[in-house]
file model_11.txt (compact mmCIF, C-alpha atoms)
# COMPACT_ATOMS: atom_id res chain seq x y z
CA MET A 1 -137.15 -27.83 -30.86
CA HIS A 2 -136.70 -24.31 -29.55
CA PRO A 3 -138.36 -21.59 -31.67
CA ALA A 4 -136.07 -19.30 -33.65
CA ILE A 5 -138.32 -16.37 -32.71
CA ARG A 6 -140.53 -16.22 -29.65
CA VAL A 7 -142.79 -13.23 -29.04
CA GLN A 8 -144.51 -13.31 -25.67
CA ASN A 9 -147.19 -10.76 -24.81
CA VAL A 10 -145.20 -7.91 -26.39
CA THR A 11 -146.71 -4.51 -25.74
CA LYS A 12 -145.32 -1.18 -26.88
CA SER A 13 -146.63 2.30 -26.16
CA PHE A 14 -145.36 5.66 -27.37
CA ARG A 15 -146.00 8.99 -25.72
CA LEU A 16 -147.34 11.32 -28.37
CA GLY A 17 -145.45 14.55 -28.93
CA THR A 18 -142.21 13.27 -27.38
CA ASN A 19 -139.02 11.68 -28.59
CA SER A 20 -139.56 7.92 -28.68
CA GLY A 21 -135.83 7.19 -28.47
CA ARG A 22 -133.63 6.92 -25.39
CA PRO A 23 -133.55 10.18 -23.35
CA ASN A 24 -130.32 12.15 -23.40
CA LEU A 25 -128.69 13.65 -20.28
CA THR A 26 -130.63 16.93 -20.52
CA GLU A 27 -133.94 15.09 -20.84
CA ARG A 28 -133.04 12.89 -17.85
CA LEU A 29 -132.27 15.95 -15.69
CA LEU A 30 -135.45 17.71 -16.76
CA GLY A 31 -137.34 14.54 -15.93
CA LEU A 32 -136.09 14.77 -12.35
CA VAL A 33 -137.43 18.33 -12.07
CA ARG A 34 -140.67 17.92 -14.00
CA LYS A 35 -142.73 15.11 -12.62
CA PRO A 36 -144.64 13.70 -15.58
CA ARG A 37 -148.38 13.55 -15.33
CA ALA A 38 -150.15 10.42 -16.44
CA ASN A 39 -152.31 11.29 -19.43
CA PRO A 40 -153.81 8.36 -21.32
CA ASP A 41 -154.69 10.67 -24.20
CA ASN A 42 -150.97 11.20 -24.88
CA GLU A 43 -150.20 7.49 -25.19
CA PHE A 44 -150.39 5.43 -28.37
CA TRP A 45 -150.35 1.65 -28.00
CA ALA A 46 -148.67 0.34 -31.14
CA LEU A 47 -148.62 -3.27 -29.89
CA LYS A 48 -151.03 -4.84 -27.40
CA GLY A 49 -150.05 -8.26 -26.10
CA VAL A 50 -148.69 -9.77 -29.32
CA SER A 51 -147.63 -13.42 -29.03
CA PHE A 52 -146.45 -16.02 -31.56
CA ASP A 53 -143.56 -18.41 -32.21
CA VAL A 54 -141.57 -19.01 -35.40
CA THR A 55 -139.79 -22.33 -35.79
CA PRO A 56 -136.30 -22.53 -37.33
CA GLY A 57 -136.47 -22.51 -41.13
CA GLU A 58 -140.02 -21.16 -41.23
CA VAL A 59 -140.91 -18.29 -43.58
CA VAL A 60 -143.62 -16.13 -42.01
CA GLY A 61 -145.36 -13.14 -43.54
CA VAL A 62 -146.67 -10.26 -41.44
CA VAL A 63 -149.53 -8.28 -42.96
CA GLY A 64 -151.83 -5.49 -41.84
CA ARG A 65 -152.91 -1.99 -42.69
CA ASN A 66 -150.67 1.02 -42.13
CA GLY A 67 -150.52 1.69 -38.40
CA ALA A 68 -151.34 -1.90 -37.44
CA GLY A 69 -148.00 -2.32 -35.61
CA LYS A 70 -145.97 -4.26 -38.18
CA SER A 71 -142.89 -2.01 -38.27
CA THR A 72 -142.95 -1.53 -34.49
CA LEU A 73 -142.92 -5.30 -34.05
CA LEU A 74 -139.89 -5.66 -36.33
CA LYS A 75 -138.07 -2.87 -34.50
CA VAL A 76 -138.68 -4.67 -31.22
CA LEU A 77 -137.36 -7.91 -32.71
CA SER A 78 -134.32 -6.09 -34.13
CA ARG A 79 -133.60 -4.48 -30.74
CA ILE A 80 -134.07 -0.97 -32.12
CA VAL A 81 -136.76 -0.24 -29.53
CA GLU A 82 -137.53 -1.94 -26.23
CA PRO A 83 -141.02 -3.26 -25.52
CA THR A 84 -143.08 -1.59 -22.81
CA ALA A 85 -144.08 -5.04 -21.58
CA GLY A 86 -143.51 -8.65 -22.62
CA ARG A 87 -140.40 -10.12 -24.20
CA ALA A 88 -139.03 -11.15 -27.60
CA GLU A 89 -136.38 -13.84 -27.96
CA LEU A 90 -134.37 -14.63 -31.10
CA ARG A 91 -132.01 -17.59 -31.37
CA GLY A 92 -129.34 -17.04 -34.03
CA ARG A 93 -127.62 -14.28 -35.94
CA VAL A 94 -130.11 -11.70 -37.22
CA GLY A 95 -129.98 -9.75 -40.49
CA SER A 96 -132.47 -6.86 -40.53
CA LEU A 97 -133.53 -4.61 -43.36
CA LEU A 98 -136.04 -2.18 -41.91
CA GLU A 99 -135.10 1.17 -43.37
CA VAL A 100 -133.13 2.33 -46.40
CA GLY A 101 -129.45 2.36 -45.54
CA THR A 102 -129.87 1.14 -41.96
CA GLY A 103 -126.40 0.98 -40.42
CA PHE A 104 -124.72 2.82 -43.27
CA HIS A 105 -122.46 5.81 -42.65
CA PRO A 106 -123.10 8.49 -45.30
CA GLU A 107 -119.46 9.65 -45.45
CA LEU A 108 -118.10 6.16 -46.08
CA THR A 109 -117.96 4.52 -49.50
CA GLY A 110 -120.11 1.60 -50.53
CA ARG A 111 -117.12 -0.73 -50.07
CA GLU A 112 -116.46 0.55 -46.55
CA ASN A 113 -120.12 0.31 -45.61
CA VAL A 114 -120.33 -3.30 -46.76
CA PHE A 115 -117.54 -4.22 -44.33
CA LEU A 116 -118.96 -1.97 -41.60
CA ASN A 117 -122.49 -3.35 -41.92
CA GLY A 118 -121.21 -6.91 -42.13
CA SER A 119 -119.27 -6.41 -38.91
CA VAL A 120 -122.39 -5.05 -37.21
CA LEU A 121 -124.18 -8.24 -38.27
CA GLY A 122 -121.47 -10.25 -36.55
CA MET A 123 -119.52 -11.43 -39.59
CA SER A 124 -115.77 -11.75 -39.73
CA ARG A 125 -113.76 -9.76 -42.27
CA ARG A 126 -112.90 -13.00 -44.06
CA GLU A 127 -116.58 -13.91 -44.42
CA ILE A 128 -117.40 -10.45 -45.76
CA ALA A 129 -114.54 -10.54 -48.26
CA LYS A 130 -115.68 -13.97 -49.47
CA ASN A 131 -119.15 -12.62 -50.33
CA PHE A 132 -118.09 -9.12 -51.39
CA ASP A 133 -118.18 -9.64 -55.17
CA ALA A 134 -121.60 -11.32 -55.02
CA ILE A 135 -122.97 -8.48 -52.88
CA VAL A 136 -121.79 -5.78 -55.28
CA ALA A 137 -123.00 -7.68 -58.35
CA PHE A 138 -126.43 -8.26 -56.82
CA ALA A 139 -126.76 -4.58 -55.91
CA GLY A 140 -125.58 -3.48 -59.36
CA VAL A 141 -123.38 -0.70 -57.96
CA GLU A 142 -119.99 -1.83 -59.30
CA ARG A 143 -119.19 1.59 -60.80
CA PHE A 144 -120.03 3.39 -57.56
CA ILE A 145 -118.69 1.02 -54.93
CA ASP A 146 -115.86 3.41 -54.02
CA THR A 147 -118.15 6.47 -53.93
CA PRO A 148 -119.51 7.79 -50.58
CA VAL A 149 -123.03 6.46 -50.13
CA LYS A 150 -124.34 9.95 -49.37
CA ARG A 151 -124.23 10.42 -53.16
CA TYR A 152 -126.27 7.27 -53.82
CA SER A 153 -129.89 7.42 -54.92
CA SER A 154 -132.46 5.82 -52.61
CA GLY A 155 -132.63 2.88 -55.03
CA MET A 156 -128.85 2.31 -54.88
CA TYR A 157 -129.00 2.58 -51.08
CA VAL A 158 -131.66 -0.07 -50.69
CA ARG A 159 -130.09 -2.41 -53.26
CA LEU A 160 -126.76 -2.40 -51.43
CA ALA A 161 -128.41 -2.64 -48.00
CA PHE A 162 -130.49 -5.64 -49.04
CA ALA A 163 -127.52 -7.29 -50.75
CA VAL A 164 -125.48 -7.07 -47.54
CA ALA A 165 -128.29 -8.45 -45.36
CA ALA A 166 -129.07 -11.29 -47.78
CA HIS A 167 -125.52 -12.45 -48.60
CA LEU A 168 -123.99 -12.46 -45.15
CA ASN A 169 -125.86 -15.63 -44.21
CA PRO A 170 -127.91 -14.56 -41.20
CA GLU A 171 -129.76 -17.38 -39.47
CA ILE A 172 -132.78 -15.09 -39.09
CA MET A 173 -133.69 -12.55 -41.76
CA ILE A 174 -136.14 -9.72 -41.02
CA VAL A 175 -137.33 -7.69 -44.00
CA ASP A 176 -139.76 -4.76 -44.02
CA GLU A 177 -141.73 -3.27 -46.94
CA VAL A 178 -138.66 -1.15 -47.68
CA LEU A 179 -138.21 -3.31 -50.80
CA ALA A 180 -141.11 -1.43 -52.37
CA VAL A 181 -138.79 1.49 -53.18
CA GLY A 182 -136.92 -0.64 -55.71
CA ASP A 183 -137.96 -1.09 -59.32
CA ALA A 184 -139.79 -4.20 -60.55
CA GLU A 185 -136.58 -5.92 -61.68
CA PHE A 186 -134.93 -5.40 -58.32
CA GLN A 187 -138.02 -6.57 -56.41
CA ASN A 188 -137.98 -9.79 -58.44
CA LYS A 189 -134.30 -10.28 -57.61
CA CYS A 190 -135.07 -9.74 -53.92
CA LEU A 191 -137.91 -12.24 -53.94
CA GLY A 192 -135.69 -14.75 -55.69
CA LYS A 193 -132.95 -14.25 -53.11
CA MET A 194 -135.43 -14.64 -50.26
CA ARG A 195 -136.63 -17.92 -51.76
CA GLU A 196 -133.02 -19.05 -51.88
CA VAL A 197 -132.57 -18.01 -48.23
CA ALA A 198 -135.74 -19.89 -47.26
CA ARG A 199 -134.69 -23.04 -49.14
CA GLY A 200 -131.41 -22.92 -47.22
CA GLY A 201 -133.33 -23.55 -44.00
CA ARG A 202 -132.99 -20.05 -42.57
CA THR A 203 -135.82 -18.27 -40.79
CA VAL A 204 -137.48 -15.32 -42.54
CA LEU A 205 -139.95 -12.75 -41.20
CA PHE A 206 -141.33 -10.78 -44.13
CA VAL A 207 -143.56 -7.70 -43.84
CA SER A 208 -145.31 -6.73 -47.06
CA HIS A 209 -148.47 -5.33 -48.61
CA ASN A 210 -147.79 -7.48 -51.67
CA MET A 211 -150.19 -10.37 -51.08
CA THR A 212 -148.89 -12.22 -54.15
CA ALA A 213 -145.37 -12.25 -52.73
CA VAL A 214 -146.64 -13.27 -49.28
CA GLN A 215 -148.62 -16.22 -50.68
CA SER A 216 -145.71 -17.35 -52.84
CA LEU A 217 -142.91 -16.93 -50.34
CA CYS A 218 -144.46 -17.70 -46.97
CA SER A 219 -145.90 -20.87 -45.55
CA ARG A 220 -147.60 -18.97 -42.75
CA CYS A 221 -148.96 -15.49 -42.21
CA VAL A 222 -149.62 -13.33 -39.13
CA TRP A 223 -152.23 -10.60 -39.57
CA LEU A 224 -151.84 -7.63 -37.23
CA LYS A 225 -154.82 -5.38 -36.62
CA ASP A 226 -154.84 -2.43 -34.22
CA GLY A 227 -151.69 -3.74 -32.52
CA THR A 228 -153.00 -7.26 -31.90
CA VAL A 229 -152.78 -10.62 -33.68
CA HIS A 230 -156.04 -10.78 -35.62
CA ALA A 231 -155.24 -14.05 -37.44
CA ASP A 232 -152.38 -16.55 -37.64
CA GLY A 233 -152.46 -19.43 -40.10
CA PRO A 234 -151.61 -20.72 -43.59
CA ALA A 235 -150.38 -17.87 -45.78
CA ARG A 236 -152.94 -18.28 -48.57
CA GLU A 237 -155.91 -18.42 -46.20
CA VAL A 238 -154.83 -15.40 -44.14
CA ALA A 239 -153.87 -13.35 -47.21
CA GLU A 240 -157.22 -14.02 -48.89
CA ALA A 241 -159.08 -13.13 -45.67
CA TYR A 242 -157.06 -9.92 -45.42
CA ASN A 243 -157.89 -9.03 -49.02
CA ARG A 244 -161.58 -9.62 -48.40
CA ALA A 245 -161.53 -7.44 -45.29
CA ALA A 246 -159.66 -4.69 -47.12
CA ALA A 247 -162.37 -4.58 -49.76
CA GLY A 248 -165.21 -4.63 -47.22
CA GLY A 249 -167.72 -7.31 -46.34
CA GLY A 250 -171.18 -8.29 -47.54
CA GLY A 251 -170.55 -8.13 -51.28
CA ALA A 252 -170.78 -5.10 -53.56
CA GLU A 253 -174.54 -4.56 -53.46
CA VAL A 254 -176.23 -1.73 -55.37
CA ARG A 255 -179.90 -0.78 -55.66
CA LEU A 256 -180.86 -0.22 -59.29
CA ASP A 257 -184.38 1.25 -58.94
CA ALA A 258 -183.20 4.83 -59.53
CA HIS A 259 -179.67 4.19 -60.78
CA PRO A 260 -178.24 7.16 -62.74
CA GLY A 261 -176.67 4.80 -65.28
CA ARG A 262 -180.01 3.54 -66.60
CA THR A 263 -180.41 4.44 -70.28
CA LEU A 264 -183.28 6.53 -71.60
CA GLY A 265 -186.26 4.42 -72.59
CA SER A 266 -185.37 1.46 -70.37
CA VAL A 267 -188.08 -0.43 -68.54
CA ARG A 268 -187.12 -0.49 -64.86
CA ALA A 269 -186.90 -4.24 -64.48
CA MET A 270 -183.58 -4.72 -62.63
CA THR A 271 -183.93 -3.76 -58.97
CA ARG A 272 -180.65 -4.83 -57.38
CA VAL A 273 -177.19 -6.18 -58.29
CA ARG A 274 -174.71 -7.92 -56.05
CA VAL A 275 -171.10 -8.72 -57.03
CA CYS A 276 -169.08 -11.08 -54.85
CA ASP A 277 -166.49 -13.85 -54.67
CA ASP A 278 -168.29 -17.10 -55.42
CA ALA A 279 -166.02 -18.99 -53.01
CA ASP A 280 -167.73 -17.60 -49.91
CA GLY A 281 -170.53 -15.45 -51.30
CA THR A 282 -169.78 -12.55 -48.96
CA SER A 283 -166.67 -10.75 -50.14
CA PRO A 284 -166.80 -8.16 -52.96
CA ALA A 285 -163.10 -8.84 -53.60
CA VAL A 286 -162.44 -11.66 -56.05
CA PRO A 287 -158.91 -13.11 -56.20
CA MET A 288 -157.18 -13.35 -59.58
CA GLY A 289 -158.11 -16.67 -61.14
CA GLY A 290 -161.11 -16.98 -58.84
CA THR A 291 -164.82 -17.02 -59.71
CA ALA A 292 -166.88 -13.84 -59.63
CA ARG A 293 -170.61 -14.03 -59.05
CA VAL A 294 -173.01 -11.38 -60.36
CA GLU A 295 -176.56 -11.62 -58.99
CA VAL A 296 -179.25 -9.43 -60.56
CA GLU A 297 -182.74 -9.25 -59.10
CA PHE A 298 -185.62 -8.25 -61.36
CA GLU A 299 -189.29 -7.41 -60.98
CA LEU A 300 -191.87 -6.97 -63.77
CA ASP A 301 -195.58 -6.25 -64.16
CA ARG A 302 -195.96 -9.15 -66.60
CA PRO A 303 -194.58 -12.71 -66.64
CA LEU A 304 -191.31 -13.26 -68.48
CA ALA A 305 -190.69 -16.72 -69.93
CA ASP A 306 -187.00 -16.38 -70.82
CA ALA A 307 -185.10 -13.85 -68.72
CA THR A 308 -181.74 -12.97 -70.23
CA LEU A 309 -178.87 -11.03 -68.72
CA GLY A 310 -175.81 -9.56 -70.38
CA VAL A 311 -172.75 -8.51 -68.37
CA VAL A 312 -170.02 -6.32 -69.84
CA VAL A 313 -166.78 -5.88 -67.87
CA LYS A 314 -164.97 -2.59 -68.53
CA ASP A 315 -161.53 -1.22 -67.71
CA ALA A 316 -160.58 1.94 -65.82
CA TYR A 317 -161.21 3.99 -68.98
CA TYR A 318 -164.71 2.49 -69.33
CA SER A 319 -163.76 0.56 -72.46
CA PRO A 320 -165.19 -2.98 -72.72
CA ILE A 321 -162.82 -5.83 -71.91
CA PHE A 322 -165.30 -8.65 -72.49
CA GLY A 323 -169.02 -9.30 -72.37
CA ILE A 324 -171.18 -12.38 -71.95
CA ASN A 325 -174.88 -13.26 -71.82
CA ASN A 326 -177.05 -16.32 -71.41
CA LYS A 327 -178.21 -16.17 -75.01
CA VAL A 328 -174.86 -17.47 -76.25
CA THR A 329 -173.73 -19.63 -73.31
CA PRO A 330 -175.54 -22.70 -71.93
CA CYS A 331 -178.16 -21.85 -69.30
CA PRO A 332 -180.59 -24.18 -67.51
CA PRO A 333 -184.25 -23.47 -68.30
CA GLN A 334 -185.95 -21.12 -65.87
CA PRO A 335 -188.77 -22.50 -63.71
CA GLY A 336 -191.69 -21.18 -65.78
CA PRO A 337 -192.74 -17.58 -66.51
CA LEU A 338 -191.67 -15.20 -63.73
CA THR A 339 -192.68 -11.70 -62.64
CA ALA A 340 -189.78 -11.54 -60.16
CA GLY A 341 -186.58 -13.47 -59.62
CA THR A 342 -182.80 -13.47 -59.71
CA VAL A 343 -180.38 -14.18 -62.55
CA VAL A 344 -176.97 -15.41 -61.37
CA CYS A 345 -173.93 -15.14 -63.64
CA ARG A 346 -170.67 -16.83 -62.63
CA LEU A 347 -167.37 -15.83 -64.25
CA PRO A 348 -164.85 -18.61 -63.52
CA ARG A 349 -161.06 -18.39 -63.69
CA LEU A 350 -161.20 -14.60 -63.88
CA PRO A 351 -158.24 -13.54 -66.07
CA LEU A 352 -158.00 -9.96 -64.78
CA MET A 353 -155.19 -8.03 -63.13
CA PRO A 354 -155.85 -6.48 -59.69
CA GLY A 355 -158.11 -3.46 -60.00
CA VAL A 356 -161.69 -2.18 -60.04
CA TYR A 357 -163.80 -2.94 -63.11
CA PRO A 358 -167.18 -1.25 -63.79
CA LEU A 359 -170.01 -3.50 -65.02
CA ASP A 360 -172.73 -2.73 -67.57
CA LEU A 361 -175.91 -4.79 -67.27
CA TYR A 362 -178.38 -5.62 -70.06
CA PHE A 363 -181.67 -7.34 -69.13
CA GLY A 364 -184.48 -8.56 -71.38
CA ASP A 365 -185.82 -11.59 -73.19
CA ARG A 366 -184.48 -13.67 -76.07
CA LEU A 367 -185.37 -10.97 -78.57
CA ASN A 368 -184.60 -7.62 -76.93
CA ASP A 369 -182.79 -5.93 -74.07
CA PHE A 370 -185.36 -3.62 -72.53
CA ASP A 371 -183.45 -2.52 -69.39
CA THR A 372 -179.85 -1.27 -69.59
CA VAL A 373 -177.78 0.15 -66.72
CA HIS A 374 -174.25 1.40 -67.38
CA ASN A 375 -171.65 1.29 -64.57
CA ALA A 376 -174.21 -0.54 -62.44
CA ALA A 377 -171.64 -1.88 -59.96
CA ASP A 378 -167.92 -2.56 -59.62
CA LEU A 379 -166.04 -5.84 -59.79
CA THR A 380 -163.00 -5.70 -57.50
CA VAL A 381 -160.11 -8.07 -58.28
CA VAL A 382 -157.28 -8.57 -55.79
CA ALA A 383 -153.84 -10.10 -56.28
CA ALA A 384 -153.29 -13.85 -55.97
CA ASP A 385 -150.36 -16.10 -56.83
CA VAL A 386 -152.08 -17.51 -59.93
CA PHE A 387 -148.84 -18.70 -61.55
CA GLY A 388 -147.22 -20.08 -58.40
CA THR A 389 -144.16 -17.85 -58.88
CA GLY A 390 -145.04 -14.89 -56.64
CA ARG A 391 -144.91 -12.64 -59.68
CA LEU A 392 -147.46 -10.94 -61.88
CA PRO A 393 -147.18 -9.23 -65.26
CA PRO A 394 -146.27 -5.53 -65.00
CA PRO A 395 -149.26 -3.18 -64.54
CA ASN A 396 -148.61 -1.52 -67.92
CA ALA A 397 -149.21 -4.88 -69.66
CA GLY A 398 -152.96 -4.21 -69.57
CA PRO A 399 -155.91 -5.42 -67.48
CA VAL A 400 -155.92 -9.05 -68.69
CA CYS A 401 -153.69 -11.68 -67.07
CA TRP A 402 -153.70 -14.62 -69.46
CA PRO A 403 -152.08 -18.01 -68.74
CA ALA A 404 -149.48 -19.40 -71.11
CA THR A 405 -147.18 -22.38 -71.58
CA TRP A 406 -143.57 -22.03 -72.69
CA GLU A 407 -140.93 -24.03 -74.45
CA ILE A 408 -137.33 -23.15 -75.22
CA ARG A 409 -135.58 -25.15 -77.94
CA ALA A 410 -131.96 -25.25 -78.95
CA ALA A 411 -131.07 -23.86 -82.35
CA ARG A 412 -130.65 -26.43 -85.09
CA ALA A 413 -126.98 -27.22 -85.71
CA PRO A 414 -125.65 -26.07 -89.11
CA GLU A 415 -125.44 -28.75 -91.79
CA GLY A 416 -122.15 -30.64 -91.92
CA THR A 417 -121.55 -30.35 -88.15
CA THR A 418 -122.06 -32.88 -85.41
CA ASP A 419 -122.91 -32.49 -81.73
CA GLY A 420 -120.16 -34.80 -80.55
CA PRO A 421 -116.62 -35.89 -81.37

call {"tool": "encode", "arguments": {"input": "model_11.txt", "output": "structure tokens"}}
result
Amino acid sequence: MHPAIRVQNVTKSFRLGTNSGRPNLTERLLGLVRKPRANPDNEFWALKGVSFDVTPGEVVGVVGRNGAGKSTLLKVLSRIVEPTAGRAELRGRVGSLLEVGTGFHPELTGRENVFLNGSVLGMSRREIAKNFDAIVAFAGVERFIDTPVKRYSSGMYVRLAFAVAAHLNPEIMIVDEVLAVGDAEFQNKCLGKMREVARGGRTVLFVSHNMTAVQSLCSRCVWLKDGTVHADGPAREVAEAYNRAAAGGGGAEVRLDAHPGRTLGSVRAMTRVRVCDDADGTSPAVPMGGTARVEVEFELDRPLADATLGVVVKDAYYSPIFGINNKVTPCPPQPGPLTAGTVVCRLPRLPLMPGVYPLDLYFGDRLNDFDTVHNAADLTVVAADVFGTGRLPPPNAGPVCWPATWEIRAARAPEGTTDGP
């Protein structure tokens, strides 16, 4: 089977301080007079030998930090820019949504732009007319469809642009992070439409910083870093690796010997704390629903028979969300009295929304806490598709993401009526 998309050693450089588009006649003539000097310092290599294939019907996410080359790659695939070296092949009709209102004429109405954009995508007028009502309804611009799009808000622009690209049945759909300008309701509609497109066997290339959407929508993920393919594999694995890298490596480790959050009168027993994802023990970023590990080292001048540790997780306003200690939860007996050691607390199935959560630590014995450090370290939680829907509760719903089960029942029929004839 031939790939729907084939990218072979694609390289793209831009000369800094110049127009990256095609030169006009004046620029061509000036170029004949002024012999350009090679200056490596004026060149920016957005892509450096990028290669990968996408099979027909595959949904592939493309992730990476800003400046990694994601948008340049999509522009090469959409034939907006030509690669400096290498080649990109696409088999099938392509629908691209890279920028708000791409292909729209500001003086034309929404109706006229739907037909214009559809024609650009290679659709016949009959095909456009067949899907016209669905496009307008999806975009939610019925009242403004005969208004020039120059009067549209950016949200109306992107809704109509996406609706055209999604409903005109392209065999290959290329979507950039432009969807982020829409509101939460519209983003959910877009993700739903893209799932429908994917289920229909069409090929999708999806660039996003929304790791939840990538894990839910895509079977595979390509991670671009500094213009090269850093990783290419199953979407969940690559997205989780990307999240860990974004948060930094080695775990969130803090020395506590002279920590400013230690309370007055505390005995300096805790010497170090380390917060990490228990899955690999190295990343300070814990995925939603994952297991956080808090390791606290201690050192005393006298043996301690029953070391106890309390951990309080706080929100962005430093208010407690929950706290736990090994006085109230089962804990294996420690190996005899200790003057130094480590207490490890694991927090499974972490029900927290993405964010950074300060931790308070309380250390002592079964009777008293004699060392307390406020805001000792941070617990970083990153997005994950915990519900399998690609969606999360809205950020204003609070820091806790709690699972639930649902049931919808029909209303009871009034007395004296029957359900059938």

call {"tool": "atom_distance", "arguments": {"input": "model_11.txt", "atom1": "CA of Asp306 (chain A)", "atom2": "CA of Asp360 (chain A)"}}
result
20.0 Å

call {"tool": "atom_distance", "arguments": {"input": "model_11.txt", "atom1": "CA of Val294 (chain A)", "atom2": "CA of Asp385 (chain A)"}}
result
23.4 Å

call {"tool": "closest_atom_pairs", "arguments": {"input": "model_11.txt", "of": "region 77-146 of chain A", "to": "region 160-179 of chain A", "cutoff": "6 Å", "atoms": "all atoms listed in the file", "output": "tab-separated table"}}
result
residue	atom	partner	partner_atom	distance
A:Gly92	CA	A:Glu171	CA	5.5
A:Arg93	CA	A:Glu171	CA	5.2
A:Val94	CA	A:Ile172	CA	4.7
A:Gly95	CA	A:Met173	CA	4.8
A:Ser96	CA	A:Ile174	CA	4.7
A:Leu97	CA	A:Val175	CA	4.9
A:Leu98	CA	A:Asp176	CA	5.0
A:Gly101	CA	A:Ala161	CA	5.7
A:Ile135	CA	A:Ala163	CA	5.2
A:Ala139	CA	A:Leu160	CA	5.0

call {"tool": "closest_residue", "arguments": {"input": "model_11.txt", "among": "A:Val400, A:Val275, A:Ile321, A:Val238", "to": "Ser219 (chain A)", "atoms": "only C-alpha atoms"}}
result
A:Val238

call {"tool": "closest_residue", "arguments": {"input": "model_11.txt", "among": "A:Val214, A:Leu379, A:Ala129, A:Val344", "to": "Cys276 (chain A)", "atoms": "only C-alpha atoms"}}
result
A:Leu379

call {"tool": "residues_around", "arguments": {"input": "model_11.txt", "residues": "region 42-57 of chain A", "least_positions_apart": "3", "cutoff": "10 Å", "atoms": "only C-alpha atoms", "output": "PyMOL selection string"}}
result
chain A and resi 1-18+38-39+60+67-73+83-92+171-172+197-205+220+222+224-230+232

call {"tool": "closest_residue", "arguments": {"input": "model_11.txt", "among": "A:Val76, A:Val343, A:Tyr242, A:Pro320", "to": "His209 (chain A)", "atoms": "only C-alpha atoms"}}
result
A:Tyr242

call {"tool": "closest_residue", "arguments": {"input": "model_11.txt", "among": "A:Ile80, A:Cys218, A:Ile324, A:Val296", "to": "Asp257 (chain A)", "atoms": "all atoms listed in the file"}}
result
A:Val296

call {"tool": "atom_distance", "arguments": {"input": "model_11.txt", "atom1": "CA of Ser216 (chain A)", "atom2": "CA of Thr291 (chain A)"}}
result
20.3 Å

call {"tool": "closest_residue", "arguments": {"input": "model_11.txt", "among": "A:Val328, A:Leu256, A:Val267, A:Ala376", "to": "Val312 (chain A)", "atoms": "only C-alpha atoms"}}
result
A:Ala376

call {"tool": "closest_residue", "arguments": {"input": "model_11.txt", "among": "A:Ala404, A:Ile145, A:Val373, A:Cys345", "to": "Arg111 (chain A)", "atoms": "all atoms listed in the file"}}
result
A:Ile145

call {"tool": "residues_around", "arguments": {"input": "model_11.txt", "residues": "Asp146 (chain A)", "least_positions_apart": "2", "cutoff": "6 Å", "atoms": "all atoms listed in the file", "output": "NGL selection string"}}
result
:A and (109-111 or 144)

call {"tool": "write_last_selection", "arguments": {"input": "model_11.txt", "atoms": "C-alpha atoms", "output": "mmCIF file, keeping the file's coordinate frame"}}
result
data_model
loop_
_atom_site.group_PDB
_atom_site.id
_atom_site.type_symbol
_atom_site.label_atom_id
_atom_site.label_comp_id
_atom_site.auth_asym_id
_atom_site.auth_seq_id
_atom_site.Cartn_x
_atom_site.Cartn_y
_atom_site.Cartn_z
ATOM 1 C CA THR A 109 -117.960 4.520 -49.500
ATOM 2 C CA GLY A 110 -120.110 1.600 -50.530
ATOM 3 C CA ARG A 111 -117.120 -0.730 -50.070
ATOM 4 C CA PHE A 144 -120.030 3.390 -57.560
#

call {"tool": "residues_around", "arguments": {"input": "model_11.txt", "residues": "Val254 (chain A)", "least_positions_apart": "5", "cutoff": "9 Å", "atoms": "all atoms listed in the file", "output": "list in words"}}
result
His259, Thr271, Arg272, Val273, Arg274, Val275, Ala376 and Ala377 of chain A
